[in-house]
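**Q** Could you have a look at this structure, given as structure tokens, before my questions?
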Amino acid sequence: MDFQTLRDNCPTWQDYIHHEFVNQVAAGTLPKQSFQHYLKQDYLYLLHYTRVMALSVYKSDTLAQMRVGQAGINAMLDLEIGMYLEFCQQWGISIEEVENTTESAATIAYTRYLLDAAMSGSLVELYAAIAPCLMGYGEIGQRLKAEGFVDNNPYQPWIDVFASEEFQKVTAQNEAFINQLFAEVSSAQHPKLQKLFNTASRMEVNFWQMALDLS
């Protein structure tokens with residue numbers, strides 16, 4: 001069992017990676033309101049994701065595993081959340097508006113699912129649940145770069161983050177860590193890990209759709 005096995009056996013993975021939201025971002029045709037809605041909801045999502053990473057430290061058995069979780073927490077608090085707030089400001093959304101945004105149904109469903117998986121399961125189950133988010137954005141960035149960027153795309157700064165060599169390097173490191181964890185589980189655990197992964201991938205599809213629908 002490894003990340004590629006989960007990915008290749010996930011029925012909604014391609015729907016996630018090739019979602020119409022992503023395609024419109026790549027083409028620069030996504031309505032401004034949809035991107036603004038996504039930014040605000042993803043900020044709220046990342047707060048909960050940081051709590052999941054904190055639980056990964058608690059669930060860890062070794063110092064090395066704890067440090068991976070700590071690095072994830074630091075990345076969220078010191079870099080990614082701040083990046084999203086900067087994007088919000090660039091797109092005319094004040095910090096006050098972001099912080100007072102009501103969570104959408106899709107955000108609530110996804111984040112509470114991850115928190116439940118993190119609290120009730122083992123470390124490897126936690127990572128199976130967050131793997132679509134942890135790995136998917138890197139694959140999206142890689143795909144969009146390979147397909148070529150369009151000129152004067154207002155969403156290019158967002159694309160550049162996930163297409164960057166630095167982000168691709170982090171994604172590769174995350175995959176190596178996930179594969180290390182998965183290599184230690186028994187075959188009897190594989191169906192549950194796949195189910196956790198599949199559900200989270202479906203939640204990612206719903207999250208993109210939420211942004212398109214402004215729901």
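Chain labels follow the order of the structure tokens: the first chain is A, the next B, and so on; residue numbering restarts at 1 in every chain, and ligands are counted from 1 in their shown order.
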Per DSSP on the backbone, what are the alpha helix (DSSP H) residues of segment 33-184 of chain A, as a PyMOL selection string?
**A** chain A and resi 33-59+63-75+81-90+95-99+105-120+123-147+156-163+165-182
**Q** With segment 167-170 of chain A as the partner and 12 Å as the cut-off, tabulate the residues of segment 16-90 of chain A that qualify, each row holding the nearest pair of atoms and their distance in Å to one decimal, using only C-alpha atoms, sorted by chain and rising number, as JSON lines.
**A**
```
{"residue": "A:Val68", "atom": "CA", "partner": "A:Val170", "partner_atom": "CA", "distance": 11.3}
{"residue": "A:Ala71", "atom": "CA", "partner": "A:Val170", "partner_atom": "CA", "distance": 10.8}
{"residue": "A:Gly72", "atom": "CA", "partner": "A:Val170", "partner_atom": "CA", "distance": 10.4}
{"residue": "A:Ala75", "atom": "CA", "partner": "A:Val170", "partner_atom": "CA", "distance": 10.6}
{"residue": "A:Leu79", "atom": "CA", "partner": "A:Phe167", "partner_atom": "CA", "distance": 11.9}
{"residue": "A:Glu80", "atom": "CA", "partner": "A:Phe167", "partner_atom": "CA", "distance": 11.2}
```
**Q** With only C-alpha atoms as the basis for distance, which of A:Ser120, A:Thr107, A:Gln41, A:Gln4 is at the shortest distance from Leu55 of chain A?
**A**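 For Leu55 of chain A, the nearest of the given residues is A:Ser120.
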**Q** Which residues are near segment 61-66 of chain A? Cut-off 12 Å, only C-alpha atoms, ignore same chain within fewer than 3 positions. Put them as a list in words.
**A** Met53, Ala54, Leu55, Ser56, Val57, Tyr58, Gly69, Gln70, Ala71, Gly72, Ile73, Ser122, Leu123, Val124, Tyr127, Asn174, Phe177, Ile178, Gln180 and Leu181 of chain A
**Q** Selection from above, all heavy atoms, as a short mmCIF file (atom, residue, chain, number, x, y, z; two decimals), in the first residue's frame, can you write it?
**A**
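Everything below was put into selection_20.cif:
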```cif
data_model
loop_
_atom_site.label_atom_id
_atom_site.label_comp_id
_atom_site.auth_asym_id
_atom_site.auth_seq_id
_atom_site.Cartn_x
_atom_site.Cartn_y
_atom_site.Cartn_z
N MET A 53 -3.26 18.67 11.96
CA MET A 53 -1.81 18.46 12.05
C MET A 53 -1.35 18.42 13.51
O MET A 53 -0.41 17.69 13.85
CB MET A 53 -1.07 19.57 11.30
CG MET A 53 -1.29 19.57 9.79
SD MET A 53 -1.05 17.93 9.03
CE MET A 53 0.66 17.58 9.45
N ALA A 54 -2.01 19.19 14.36
CA ALA A 54 -1.68 19.12 15.79
C ALA A 54 -2.01 17.73 16.34
O ALA A 54 -1.24 17.17 17.14
CB ALA A 54 -2.44 20.19 16.57
N LEU A 55 -3.11 17.16 15.88
CA LEU A 55 -3.46 15.80 16.29
C LEU A 55 -2.46 14.78 15.74
O LEU A 55 -2.24 13.74 16.36
CB LEU A 55 -4.88 15.46 15.84
CG LEU A 55 -5.99 16.11 16.66
CD1 LEU A 55 -7.33 16.01 15.93
CD2 LEU A 55 -6.09 15.46 18.04
N SER A 56 -1.87 15.07 14.61
CA SER A 56 -0.86 14.15 14.07
C SER A 56 0.36 14.06 14.98
O SER A 56 0.98 13.01 15.10
CB SER A 56 -0.44 14.57 12.66
OG SER A 56 0.48 15.65 12.68
N VAL A 57 0.68 15.17 15.63
CA VAL A 57 1.78 15.13 16.61
C VAL A 57 1.39 14.25 17.79
O VAL A 57 2.16 13.42 18.26
CB VAL A 57 2.13 16.56 17.09
CG1 VAL A 57 3.19 16.51 18.19
CG2 VAL A 57 2.62 17.40 15.92
N TYR A 58 0.17 14.42 18.26
CA TYR A 58 -0.33 13.62 19.39
C TYR A 58 -0.36 12.14 19.05
O TYR A 58 -0.05 11.28 19.89
CB TYR A 58 -1.73 14.10 19.77
CG TYR A 58 -2.37 13.30 20.87
CD1 TYR A 58 -1.97 13.45 22.19
CD2 TYR A 58 -3.37 12.37 20.59
CE1 TYR A 58 -2.56 12.70 23.20
CE2 TYR A 58 -3.96 11.62 21.59
CZ TYR A 58 -3.55 11.80 22.90
OH TYR A 58 -4.11 11.05 23.90
N GLY A 69 4.77 16.40 11.76
CA GLY A 69 3.55 17.10 12.15
C GLY A 69 3.82 18.55 12.53
O GLY A 69 3.06 19.45 12.15
N GLN A 70 4.90 18.76 13.26
CA GLN A 70 5.26 20.13 13.66
C GLN A 70 5.55 20.99 12.43
O GLN A 70 5.13 22.15 12.36
CB GLN A 70 6.49 20.11 14.56
CG GLN A 70 6.92 21.50 15.02
CD GLN A 70 8.27 21.50 15.69
OE1 GLN A 70 9.14 20.69 15.34
NE2 GLN A 70 8.46 22.38 16.66
N ALA A 71 6.24 20.41 11.46
CA ALA A 71 6.54 21.15 10.23
C ALA A 71 5.25 21.52 9.50
O ALA A 71 5.14 22.61 8.94
CB ALA A 71 7.44 20.32 9.32
N GLY A 72 4.26 20.62 9.55
CA GLY A 72 2.98 20.91 8.93
C GLY A 72 2.26 22.05 9.62
O GLY A 72 1.67 22.92 8.97
N ILE A 73 2.30 22.05 10.94
CA ILE A 73 1.69 23.13 11.72
C ILE A 73 2.37 24.46 11.39
O ILE A 73 1.71 25.47 11.14
CB ILE A 73 1.78 22.84 13.23
CG1 ILE A 73 0.95 21.62 13.59
CG2 ILE A 73 1.32 24.06 14.03
CD1 ILE A 73 1.19 21.12 15.00
N SER A 122 -5.84 6.08 13.81
CA SER A 122 -4.40 6.03 14.04
C SER A 122 -3.71 7.10 13.20
O SER A 122 -4.35 7.79 12.39
CB SER A 122 -3.86 4.66 13.65
OG SER A 122 -4.05 4.45 12.26
N LEU A 123 -2.40 7.24 13.34
CA LEU A 123 -1.65 8.21 12.56
C LEU A 123 -1.76 7.91 11.07
O LEU A 123 -1.96 8.82 10.26
CB LEU A 123 -0.18 8.22 12.99
CG LEU A 123 0.69 9.26 12.28
CD1 LEU A 123 0.29 10.67 12.70
CD2 LEU A 123 2.18 9.02 12.61
N VAL A 124 -1.65 6.65 10.70
CA VAL A 124 -1.72 6.31 9.28
C VAL A 124 -3.10 6.58 8.72
O VAL A 124 -3.25 7.02 7.56
CB VAL A 124 -1.30 4.84 9.05
CG1 VAL A 124 -2.32 3.86 9.63
CG2 VAL A 124 -1.07 4.58 7.57
N TYR A 127 -3.37 10.31 8.03
CA TYR A 127 -2.70 10.72 6.79
C TYR A 127 -3.43 10.22 5.55
O TYR A 127 -3.39 10.88 4.50
CB TYR A 127 -1.24 10.29 6.79
CG TYR A 127 -0.34 11.30 7.47
CD1 TYR A 127 -0.02 11.19 8.81
CD2 TYR A 127 0.13 12.41 6.77
CE1 TYR A 127 0.77 12.14 9.44
CE2 TYR A 127 0.92 13.37 7.39
CZ TYR A 127 1.24 13.23 8.73
OH TYR A 127 2.00 14.19 9.35
N ASN A 174 6.28 14.77 1.24
CA ASN A 174 5.06 14.27 1.88
C ASN A 174 4.70 12.87 1.38
O ASN A 174 4.29 12.01 2.17
CB ASN A 174 3.90 15.23 1.60
CG ASN A 174 4.01 16.53 2.36
OD1 ASN A 174 4.61 16.59 3.42
ND2 ASN A 174 3.42 17.58 1.82
N PHE A 177 6.92 10.31 3.04
CA PHE A 177 6.54 10.07 4.43
C PHE A 177 5.28 9.22 4.50
O PHE A 177 5.20 8.27 5.30
CB PHE A 177 6.31 11.40 5.15
CG PHE A 177 5.86 11.24 6.58
CD1 PHE A 177 6.73 10.76 7.55
CD2 PHE A 177 4.56 11.56 6.96
CE1 PHE A 177 6.33 10.61 8.87
CE2 PHE A 177 4.14 11.41 8.27
CZ PHE A 177 5.04 10.93 9.23
N ILE A 178 4.29 9.54 3.66
CA ILE A 178 3.06 8.74 3.64
C ILE A 178 3.37 7.30 3.27
O ILE A 178 2.87 6.36 3.90
CB ILE A 178 2.06 9.36 2.64
CG1 ILE A 178 1.49 10.67 3.20
CG2 ILE A 178 0.92 8.38 2.33
CD1 ILE A 178 0.63 11.43 2.21
N GLN A 180 6.09 5.69 3.70
CA GLN A 180 6.77 5.06 4.83
C GLN A 180 5.77 4.57 5.87
O GLN A 180 5.90 3.45 6.39
CB GLN A 180 7.75 6.06 5.45
CG GLN A 180 8.56 5.49 6.62
CD GLN A 180 9.47 6.54 7.24
OE1 GLN A 180 9.46 7.70 6.84
NE2 GLN A 180 10.24 6.14 8.23
N LEU A 181 4.77 5.38 6.16
CA LEU A 181 3.73 4.99 7.11
C LEU A 181 2.93 3.81 6.58
O LEU A 181 2.66 2.84 7.30
CB LEU A 181 2.79 6.16 7.39
CG LEU A 181 3.31 7.33 8.23
CD1 LEU A 181 2.24 8.41 8.32
CD2 LEU A 181 3.71 6.87 9.62
#
```
**Q** Find the residues near Glu125 of chain A: any atom within 10 Å, counting only C-alpha atoms, skip ones fewer than 5 places away on the same chain, and give them as a PDB file with N, CA and C atoms, in the first residue's frame.
**A**
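To be explicit, this is the file written out as out.pdb:
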```pdb
ATOM      1  N   ALA A 117     -11.724  11.798  11.611  1.00  0.00           N
ATOM      2  CA  ALA A 117     -10.754  10.770  11.232  1.00  0.00           C
ATOM      3  C   ALA A 117      -9.481  10.900  12.051  1.00  0.00           C
ATOM      4  N   ALA A 118      -9.064  12.142  12.300  1.00  0.00           N
ATOM      5  CA  ALA A 118      -7.840  12.376  13.057  1.00  0.00           C
ATOM      6  C   ALA A 118      -7.989  11.989  14.522  1.00  0.00           C
ATOM      7  N   MET A 119      -9.146  12.280  15.094  1.00  0.00           N
ATOM      8  CA  MET A 119      -9.352  12.000  16.514  1.00  0.00           C
ATOM      9  C   MET A 119      -9.620  10.524  16.787  1.00  0.00           C
ATOM     10  N   SER A 120     -10.321   9.871  15.889  1.00  0.00           N
ATOM     11  CA  SER A 120     -10.745   8.494  16.154  1.00  0.00           C
ATOM     12  C   SER A 120      -9.786   7.444  15.626  1.00  0.00           C
ATOM     13  N   ILE A 130      -6.028  12.975   5.000  1.00  0.00           N
ATOM     14  CA  ILE A 130      -5.565  14.286   4.531  1.00  0.00           C
ATOM     15  C   ILE A 130      -4.742  14.186   3.246  1.00  0.00           C
ATOM     16  N   ALA A 131      -4.444  12.968   2.793  1.00  0.00           N
ATOM     17  CA  ALA A 131      -3.596  12.801   1.608  1.00  0.00           C
ATOM     18  C   ALA A 131      -4.148  13.487   0.359  1.00  0.00           C
ATOM     19  N   LEU A 181       4.775   5.383   6.160  1.00  0.00           N
ATOM     20  CA  LEU A 181       3.733   4.987   7.111  1.00  0.00           C
ATOM     21  C   LEU A 181       2.925   3.808   6.579  1.00  0.00           C
ATOM     22  N   PHE A 182       2.525   3.890   5.324  1.00  0.00           N
ATOM     23  CA  PHE A 182       1.669   2.861   4.741  1.00  0.00           C
ATOM     24  C   PHE A 182       2.385   1.524   4.618  1.00  0.00           C
ATOM     25  N   GLN A 189      -5.808  -3.642   6.809  1.00  0.00           N
ATOM     26  CA  GLN A 189      -6.110  -2.229   7.004  1.00  0.00           C
ATOM     27  C   GLN A 189      -6.325  -1.479   5.693  1.00  0.00           C
ATOM     28  N   HIS A 190      -5.928  -2.091   4.590  1.00  0.00           N
ATOM     29  CA  HIS A 190      -5.969  -1.389   3.305  1.00  0.00           C
ATOM     30  C   HIS A 190      -7.355  -0.880   2.928  1.00  0.00           C
ATOM     31  N   LYS A 192      -9.835   0.147   4.736  1.00  0.00           N
ATOM     32  CA  LYS A 192     -10.212   1.321   5.518  1.00  0.00           C
ATOM     33  C   LYS A 192      -9.431   2.551   5.057  1.00  0.00           C
ATOM     34  N   LEU A 193      -8.146   2.371   4.771  1.00  0.00           N
ATOM     35  CA  LEU A 193      -7.341   3.495   4.299  1.00  0.00           C
ATOM     36  C   LEU A 193      -7.867   3.999   2.959  1.00  0.00           C
ATOM     37  N   GLN A 194      -8.242   3.078   2.094  1.00  0.00           N
ATOM     38  CA  GLN A 194      -8.787   3.479   0.798  1.00  0.00           C
ATOM     39  C   GLN A 194     -10.097   4.227   0.968  1.00  0.00           C
ATOM     40  N   LYS A 195     -10.930   3.751   1.882  1.00  0.00           N
ATOM     41  CA  LYS A 195     -12.217   4.407   2.125  1.00  0.00           C
ATOM     42  C   LYS A 195     -12.016   5.823   2.661  1.00  0.00           C
ATOM     43  N   LEU A 196     -11.086   5.993   3.589  1.00  0.00           N
ATOM     44  CA  LEU A 196     -10.789   7.323   4.123  1.00  0.00           C
ATOM     45  C   LEU A 196     -10.322   8.256   3.011  1.00  0.00           C
ATOM     46  N   PHE A 197      -9.444   7.758   2.182  1.00  0.00           N
ATOM     47  CA  PHE A 197      -8.904   8.539   1.069  1.00  0.00           C
ATOM     48  C   PHE A 197     -10.006   8.900   0.081  1.00  0.00           C
TER      49      PHE A 197
END
```
**Q** Pick out the residues sitting within 7 Å of Ile17 of chain A, and hand them over as a list in words; count only C-alpha atoms, and ignore anything fewer than 2 positions along from it in its own chain.
**A**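 In the requested format, the answer is Trp13, Gln14, Asp15, His19, Gly136 and Ile140 of chain A.
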**Q** How about saving the chosen residues, N, CA and C atoms kept, as an mmCIF file, in the first residue's frame?
**A**
```cif
data_model
loop_
_atom_site.group_PDB
_atom_site.id
_atom_site.type_symbol
_atom_site.label_atom_id
_atom_site.label_comp_id
_atom_site.auth_asym_id
_atom_site.auth_seq_id
_atom_site.Cartn_x
_atom_site.Cartn_y
_atom_site.Cartn_z
ATOM 1 N N TRP A 13 -10.766 10.738 -8.062
ATOM 2 C CA TRP A 13 -9.505 11.491 -8.104
ATOM 3 C C TRP A 13 -9.421 12.391 -9.335
ATOM 4 N N GLN A 14 -9.741 11.867 -10.501
ATOM 5 C CA GLN A 14 -9.663 12.672 -11.718
ATOM 6 C C GLN A 14 -10.695 13.795 -11.706
ATOM 7 N N ASP A 15 -11.854 13.551 -11.096
ATOM 8 C CA ASP A 15 -12.857 14.608 -10.953
ATOM 9 C C ASP A 15 -12.323 15.747 -10.097
ATOM 10 N N HIS A 19 -11.240 19.216 -12.022
ATOM 11 C CA HIS A 19 -12.540 19.863 -11.783
ATOM 12 C C HIS A 19 -12.665 21.151 -12.591
ATOM 13 N N GLY A 136 -2.870 16.506 -3.587
ATOM 14 C CA GLY A 136 -3.603 16.903 -4.773
ATOM 15 C C GLY A 136 -3.191 18.242 -5.351
ATOM 16 N N ILE A 140 -2.050 19.132 -9.156
ATOM 17 C CA ILE A 140 -2.721 20.158 -9.948
ATOM 18 C C ILE A 140 -1.707 21.180 -10.472
#
```
**Q** Please indicate the distance in Å from atom CA of Thr102 of chain A to atom CA of Cys88 of chain A, rounded to one decimal place.
**A**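 Calculated distance between atom CA of Thr102 of chain A and atom CA of Cys88 of chain A is 15.5 Å.
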**Q** Using only C-alpha atoms, can you tell me which of A:Ser187, A:Thr12, A:Thr50, A:Asn74 comes closest to Thr199 of chain A?
**A**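 Of A:Ser187, A:Thr12, A:Thr50, A:Asn74, the one nearest Thr199 of chain A is A:Thr12, counting only C-alpha atoms.
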**Q** Any idea what's packed within 10 Å of Leu214 of chain A, counting only C-alpha atoms, ignoring anything in its chain fewer than 5 positions away? Could you give it as an MDAnalysis selection string?
**A** chainID A and resid 33:38 104 208:209
**Q** Near Tyr137 of chain A, within 12 Å and counting only C-alpha atoms, which residues show up once chain neighbours fewer than 5 positions away are dropped, as a list in words?
**A**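 Here the answer would be Trp13, Tyr16, Ile17, His18, Val22, Ile130, Ala131, Pro132, Gln142, Arg143, Leu144, Trp158, Ile159, Asp160, Val161, Phe162, Ala163, Ser164, Phe167, Gln168, Val170, Thr171, Ala172, Ser201 and Glu204 of chain A.
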**Q** Which residue gives the smallest distance to His48 of chain A among A:Tyr113, A:Phe207, A:Phe3, A:Phe149, with only C-alpha atoms counted?
**A**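 Closest to His48 of chain A, using only C-alpha atoms: A:Tyr113.
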**Q** When you draw a straight line from atom CA of Arg7 of chain A to atom CA of Ala200 of chain A, how long is it in Å?
**A**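 Rounded to one decimal, the two atoms are 11.4 Å apart.
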